[in-house]
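Below is one structure; the comments refer to it alone.
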Amino acid sequence: MNTALLVLEDGRVFHGTPYGAEGETFGEMVFNTGMTGYQETLTDPSYHRQIVAMTAPHIGNTGVNDEDPESRRVWVAGYVVREPSRIVSNWRATRSLDDYLKEQGVVGIAIPGTRALTRHLRERGAMRAGIFTAPSEPVEELVERVRRSPGMEGADLAAEVATTEPYVVPAIGGRRYAVAAVDLGIKGMTPQRMAERGCEVHVLPATATFDDIMAVGPDGVFFSNGPGDPATADVSALREVLGAGVPFFGICFGNQLFGRALGLSTYKLRYGHRGVNQPVQDVRTGKVEISAHNHGFAVEAPLDGPFETPFGPAEVSHVNLNDRCVEGLRLLERPAFSVQYHPEAAAGPHDAAYLFDEFCEVMSRAQA
Amino acid sequence: MPKREDIRSVLVIGSGPIVIGQACEFDYSGTQACRVLRAEGFRVILVNSNPATIMTDPEFADATYVEPITPEYVEKIIAKERPDALLPTLGGQTALNTAVALHESGVLAKYEVELIGADFDAIQAGENRERFKEIVAKVAREHGLNAESAKSVICHTMDECLAAAEELGYPLVVRPSFTMGGVGSGFAHTADDLRRIAGAGLDASPTTEVLLEESILGWKEYELEVMRDKADNVVIVCSIENIDPMGVHTGDSVTVAPALTLTDREYQNMRDVAIAVIREVGVDTGGCNIQFAVDPRTGRMIVIEMNPRVSRSSALASKATGFPIAKIAAKLAIGYTLDEIPNDITKETPASFEPTLDYIVVKVPRFAFEKFRGADQTLTTHMKSVGEAMAIGRSFPEALQKALRSLEKKNSSFTWAGPLVPKDELLERCRVPHDGRLRTMQQAIRAGATPEELYTATSVDPWFIDQLFGIHETAEAVAEAPELTAEVLEQAKHLGFSDAQIGEIRGIDEARVRDLRHALGLRPVYNTVDTCAAEFAAKTPYLYSTYDEETEVPAGEREKVIILGSGPNRIGQGIEFDYACVHASFELSRAGFETVMVNCNPETVSTDYDTSDRLYFEPLTLEDVLEVVHAEQQTGTVAGVIVQLGGQTPLGLAQALKDAGVPVVGTSPESIHLAEERGAFGRVLAEAGLPAPKHGTALTVAEAVEIAEEIAYPVLVRPSYVLGGAGMAIVYDEDTLTRYMSAQEGGHPVLIDKFLDEAIEIDVDALYDGVELYLGGVMEHIEEAGIHSGDSACALPPITLGSHDIKRIRAATEAIAAGVGVRGLLNVQYAMSAGVLYVLEANPRASRTVPFVSKATATPLAKAAARVMLGASIASLREEGMLPATGDGGTLPMEASIAVKEAVLPFNRFRGVDIVLGPEMRSTGEVMGIDEFFGIAYAKSQAGAYGELPTKGRAFVSVANRDKRAMIFPVRALADLGFEILATEGTAEVLRRNGVHAKIVRKHSEGPGPGGEPTSVQCILDGEVDLIVNTPFGESGTRLDGYDIRTAAVLRGIPCITTVAGLAAAAAGIQAIVRGDVGVRSLQEHARALRG
């Protein structure tokens, strides 16, 4: 029964049963604390090259449907759950999660100790891991193979997940703005949220240059979320956007790139924020949003007030109340801002959806 | 925004007696609120008529009023205390309704009391169904959300109801406005149903308003617990899914947290709607609960209702997540915002977040239909359960099976033993929601039912049905395994099977399974309820067992005491025992022990993670308790396990725990046995020279008949080892005795006692340390012998006993305490008949009356008992000042206040059940009235329990022959007070001959008179009567008359007195009210008066 193994690079091993595709897989071991939204999580490109463990015990209950994926495929490198559902129960479901994972070739494992795993990662930080559904080598050898697999620091992954060809998401109910959205691993809900607000969204490959961006005649420029280490990314195009004074909005990876473009540094969090219950406070209003997160890196910035950047003064706009991590940045004299979390949610609460309204307002003002 | 500085004193209203739909969850929430307010430096004024609550302990408020929660009494308290603010959202519907009444009558404005934590407009908007519907529609319109209400019509008359039904079609739901726990609501399948249900609903609603709506029977049902602060930060604390679909009251449903069958899209839509609705309703600060129904075929979502206050579900959500809703609601009410309040569990993160669970919580209701013969046992939208148990596991099957065994009720767990009932019969049974339906479903699976068949029969979501199949398949694997290997056992444990279940499946003893399991090194680990799925380290040890990877029990520093709680509330075992456990925990912690609480009742204060140094949310079975003890022994020294405070549940484990080498402190299991086993106890009494009523023990009908003849009828019969008088009856003749004996399960002895007809019953709570006896209190029952002590009113100090009698009682109690070997609490019941003091029974444990006695005498009996159990002497406790330096509850001064305890009975929930009191306990709760004079104290107890006694109007009197002499004097008193007396012919005759004019009313059995003269029942139903006195006639032809009278009384909510002693007390009470001003006095003032 307990034939499959989850092996961590520090030698800790969890026994379990195979789930999804058979085989082996490697990636950065992270945990997600959301109790809903596994389908959105699996298809979030930001999870590229990561093995995701779900802390919620029962996964797969509502199966898989055709409306909820956030991209064209499953991105996680591997999937760790405790209690895979034996059946599917939801009026929208078209197939089971197990079948979906198999079809997508995603190797997974069901282990009793998902909480122990989470505690381990909490204490020791995110690390490399491997899932082996039918291991034939001794554990020591598996640990060695995990250690030899590539880590996340220094990984440049955006291009691997982003679209290679530009495409347009048309505005819903009349076009009011044109947005150039640079896809670093964009989720389907993001252009959807903008389109609902009258944005015609031109989704561009991660490699888009300033000229490519300006070629769509944007009222605003958007940088999406995405996987990998922000330190590896090229921020020259973004610097030019900021220099040109075009309204800018970034989320997640886009926030980290915005930070780097402003001259700030980024760093790897010990075990990241992945879940849908993170309290983020808007520094100006004091209001708290419950927000969806998925980031292993964060921006280092002064929390105690405005600071100087090549593009004029900036400030930290949002702070995570759990760990005081920077969750948003804003230029004070130019129309540019970003957040580290996911206003498009999917999965997660919609508290931060107002940020898309703010982006539209900024674009309106610039149009005027 | 920090706390408000413009408020100095806050009045908190509790929820009164425990009734169905409003139980100890409000003691939990109120206690949290009082603690928060005092810690923040406010002067706290509290009113709650329920003496068994922790919140009414004098140390939780500056002024504690155990007075009736009626607008009249609360106004007196406001006038006296002049609070700056009133917090009404933590005392259930009772507190909210009282606050609304005080607002509407202008009292709050007159005394400049600000309502905090709620807003009248919000209360109205949340509770007025029409306005609520408009709000839902507005939210859908303005926010573009998928939200709607069920199609419905508001009606104020029966004609309107019938017309609306034409439009909506049957079946439809009837919901009265402003009632709690769904009183008066139900499903109408026909116009006749509608007349009956809506008629009662119109009566039950204070606004004579009912709502009829389209049927959403069988839809999925969900609840969200929401909190909002004044800065408009909103969080969802918990989602709860009802496994029983729409049609069963959520309090009667098996529920699970978090919701397990929603996608993120559906869940987020629900969340958006919940937030938009509470903003629109205008819930200013605090917690509220909002309920949804989802059509499983289409996903169409309907907003059912919201409660703008803390509720039973919020207590459950608090326990399920570790997010203390009531505590935070209190902080929000005094000005804080969520981000300013730290999360107690992690200490480092704020309360402005949404808990995430890496475990599953299952809540199961506990019913008491066996106590209410004749009651309809079908589960409907009208709540009928009397308690609940909650369990936590790392999977749904584990949590479910733990929850079922937490019910501690025979036949509550899944079983694979016993004969197979035909599948079709079981499926047929599954169609109607009933107590234990999941078990019926499991039996149907055993009998070969398919998932589709079960879904068709129940509408339970297929996912849950499949989980039952998973459990069933594992049971089969256990049965078929050639031997119990580690793998087989592990699989069974993973799905929550108990050792007992595994033993039953394998046909071996539970102990053998346990030995085998231990030999294989297979034990549960304990995980922490940490609000964050292990994302952050938890600082508060709130633990549950699971068969998983790592244990998280922290190492102990001090010697530990494990306190076993009382499990789910049931009739006969409720909040009183939780009170004793919580007191023990507080006191032993203060005395330097590390306290460890084990309990599975989510409503209680004992399962607040703040109460003890550690909390194990676990079933109270031998297996689960032994594992907790083991886990605690692994991490430190266990000084002892306390079993005598949690009622029969832990007491039943005493011997087995001791046999397993667990140090049981206090009265030894052998001594417990000595008191409970008739023969042994008889020898103790004989040695002490104490008389007991003649008695015997019978196993067969023949033996019983022989014994009864020898000791002479009437006799009192009961099965041995019961609590709350389950199965107890007074038998007047051989036929009845034969029937009674034949109905007993074989093998269990039945105790037969001479029934002392005219005796006064006396209840004593005492403390014994092996040397000294401390008489806690002597209570005199107001009703005569034969009525269960839990159901009868009593007075303390005793109103008719002299110091000579008390001396005899003291001596007898001391002799029993010493003879049995008590260390701790002892409760003795006596009957005084013709000058002889008979010993009825002795219970060497905390009794139901301990909190009442503690409050009436200003002495913390349970705390003292806990210390005595751990070795302290009464003398040393006197020295410490915990007990008075001299004297005790038997030597109260002449001027001591008189406290009256009155039981509260749930008859309005169980229409059709006779309300006559008997030896089997049926009350759910109690109130206390306290005053200098007995009459006023009694009147207060009635006002607290049933509503004010009338001071004028018509009294209808109909008594049995044996009561006719005794009723003359009190009825004359009523007539003198100006009551018009109505009576049945026989009673009227006796009254007239004694100079009391009484108008004759026709008996119900006689039917209306030739001129259309109404019968007694008709008069009652027509609202012509203000007070009813009706004593039962026994087995005579007119018995049914009495039944109909009493049923009509319940229907109309008219005070109905069923004993002459009760009538005398009521007359004294009414006299006192009429005579003059009834004042209010806090417990602190009473204590000062008592102690000089």
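Simple scheme: letters A, B, ... for chains in structure tokens order, numbers from 1 for residues in each chain, numbers from 1 for ligands in the order shown.
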Taking only residues of chain B that have an atom at most 6 Å from an atom of chain A, what is each one's shortest atom pair and its distance in Å to one decimal, using only C-alpha atoms, in chain and number order, as JSON lines?
```
{"residue": "B:Asn233", "atom": "CA", "partner": "A:Val288", "partner_atom": "CA", "distance": 5.9}
{"residue": "B:Thr261", "atom": "CA", "partner": "A:Thr62", "partner_atom": "CA", "distance": 6.0}
{"residue": "B:Asp264", "atom": "CA", "partner": "A:Gly37", "partner_atom": "CA", "distance": 4.5}
{"residue": "B:Gln268", "atom": "CA", "partner": "A:Pro349", "partner_atom": "CA", "distance": 5.9}
{"residue": "B:Arg297", "atom": "CA", "partner": "A:Trp91", "partner_atom": "CA", "distance": 5.8}
{"residue": "B:Thr349", "atom": "CA", "partner": "A:Asn322", "partner_atom": "CA", "distance": 4.7}
{"residue": "B:Phe353", "atom": "CA", "partner": "A:Pro279", "partner_atom": "CA", "distance": 5.2}
{"residue": "B:Glu354", "atom": "CA", "partner": "A:Asn277", "partner_atom": "CA", "distance": 5.1}
{"residue": "B:Asp358", "atom": "CA", "partner": "A:Ala56", "partner_atom": "CA", "distance": 4.6}
{"residue": "B:Trp463", "atom": "CA", "partner": "A:Ser89", "partner_atom": "CA", "distance": 5.8}
{"residue": "B:Ala534", "atom": "CA", "partner": "A:Arg119", "partner_atom": "CA", "distance": 5.9}
{"residue": "B:Asp548", "atom": "CA", "partner": "A:Pro112", "partner_atom": "CA", "distance": 5.9}
{"residue": "B:Glu549", "atom": "CA", "partner": "A:Gly113", "partner_atom": "CA", "distance": 5.1}
```
- [ ] Extract the full set of alpha helix (DSSP H) residues from segment 441-572 of chain B according to DSSP on the backbone, and format it as number ranges by chain.
- [x] B: 441-446, 451-458, 462-480, 486-494, 499-506, 510-519
- [ ] Could you tell me how far atom CA of Ile672 of chain B lies from atom CA of Val839 of chain B, in Å and to one decimal?
- [x]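 So the two atoms, atom CA of Ile672 of chain B and atom CA of Val839 of chain B, lie 16.6 Å apart.
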Task: Exercise: Tyr79 of chain A partners within 12 Å, only C-alpha atoms, chain neighbours under 4 positions left out, as a count of residues only - done: 52
Task: Residue list (strand (DSSP E or B), DSSP) for segment 266-299 of chain B, as a list in words - done: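 Everything in segment 266-299 of chain B that counts as strand (DSSP E or B) is Gly286, Gly287, Cys288, Asn289, Ile290, Gln291, Phe292, Ala293 and Val294 of chain B.
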Write the residues of the preceding selection, restricted to N, CA and C atoms, as a short mmCIF file (atom, residue, chain, number, x, y, z; two decimals), in the first residue's frame.
```cif
data_model
loop_
_atom_site.label_atom_id
_atom_site.label_comp_id
_atom_site.auth_asym_id
_atom_site.auth_seq_id
_atom_site.Cartn_x
_atom_site.Cartn_y
_atom_site.Cartn_z
N GLY B 286 -19.01 43.07 15.71
CA GLY B 286 -19.36 41.81 16.35
C GLY B 286 -19.53 40.68 15.38
N GLY B 287 -20.09 39.60 15.92
CA GLY B 287 -20.20 38.39 15.14
C GLY B 287 -21.62 38.19 14.67
N CYS B 288 -21.77 37.54 13.55
CA CYS B 288 -23.09 37.11 13.16
C CYS B 288 -22.97 35.86 12.32
N ASN B 289 -24.11 35.27 12.11
CA ASN B 289 -24.17 33.98 11.46
C ASN B 289 -25.13 34.11 10.29
N ILE B 290 -24.75 33.58 9.15
CA ILE B 290 -25.61 33.71 7.98
C ILE B 290 -25.72 32.34 7.32
N GLN B 291 -26.95 31.99 6.95
CA GLN B 291 -27.21 30.64 6.45
C GLN B 291 -27.62 30.65 4.98
N PHE B 292 -27.15 29.64 4.27
CA PHE B 292 -27.40 29.53 2.83
C PHE B 292 -27.94 28.15 2.48
N ALA B 293 -28.69 28.12 1.39
CA ALA B 293 -29.08 26.83 0.81
C ALA B 293 -28.61 26.83 -0.63
N VAL B 294 -28.12 25.68 -1.08
CA VAL B 294 -27.62 25.57 -2.46
C VAL B 294 -28.33 24.40 -3.13
#
```
Task: Shell of 12 Å around Ala896 of chain B, only C-alpha atoms, local chain residues under 5 positions omitted, as a VMD selection string - done: chain B and resid 796 to 799 856 to 858 889 to 891 930 to 934 1085 to 1092
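Closest approach to His295 of chain A from the set A:Leu238, A:Met152, A:Val161, A:Ala368 is made by A:Met152, with distances taken over only C-alpha atoms.
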Task: For Ala137 of chain B, the nearest of the candidates B:Ile45, B:Ala481, B:Glu280, B:Arg175, counting only C-alpha atoms - done: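 The answer is B:Glu280, which sits nearest to Ala137 of chain B.
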- [ ] Please measure the separation of atom CA of Ser413 of chain B and atom CA of Gln573 of chain B, giving the value in Å to one decimal.
- [x]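 Atom CA of Gln573 of chain B lies at a distance of 20.4 Å from atom CA of Ser413 of chain B.
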Open item on the list: Which residues are close to Ala147 of chain B, i.e. within 7 Å by only C-alpha atoms, leaving aside same-chain residues fewer than 4 positions away? Reply as a PyMOL selection string.
Closed with: chain B and resi 136+140+273+301-303
Task: Non-local contacts of segment 579-596 of chain B (6 Å; only C-alpha atoms; under 4 positions in same chain excluded) as a list in words - done: Ile54, Arg558, Glu559, Lys560, Val561, Ile562, Ser606, Ser612, Asp613, Arg614, Leu615, Leu645, Ala862, Lys863 and Ala866 of chain B
Task: Contacts of segment 11-25 of chain B at 8 Å (only C-alpha atoms; same-chain gap of 5+ positions) as an MDAnalysis selection string - done: chainID B and resid 30 34 44:50 53 68:69 83:88 90:95 180:181 251 311:312 315 383:387 575 602:605 904:906 909 924:927 944:945
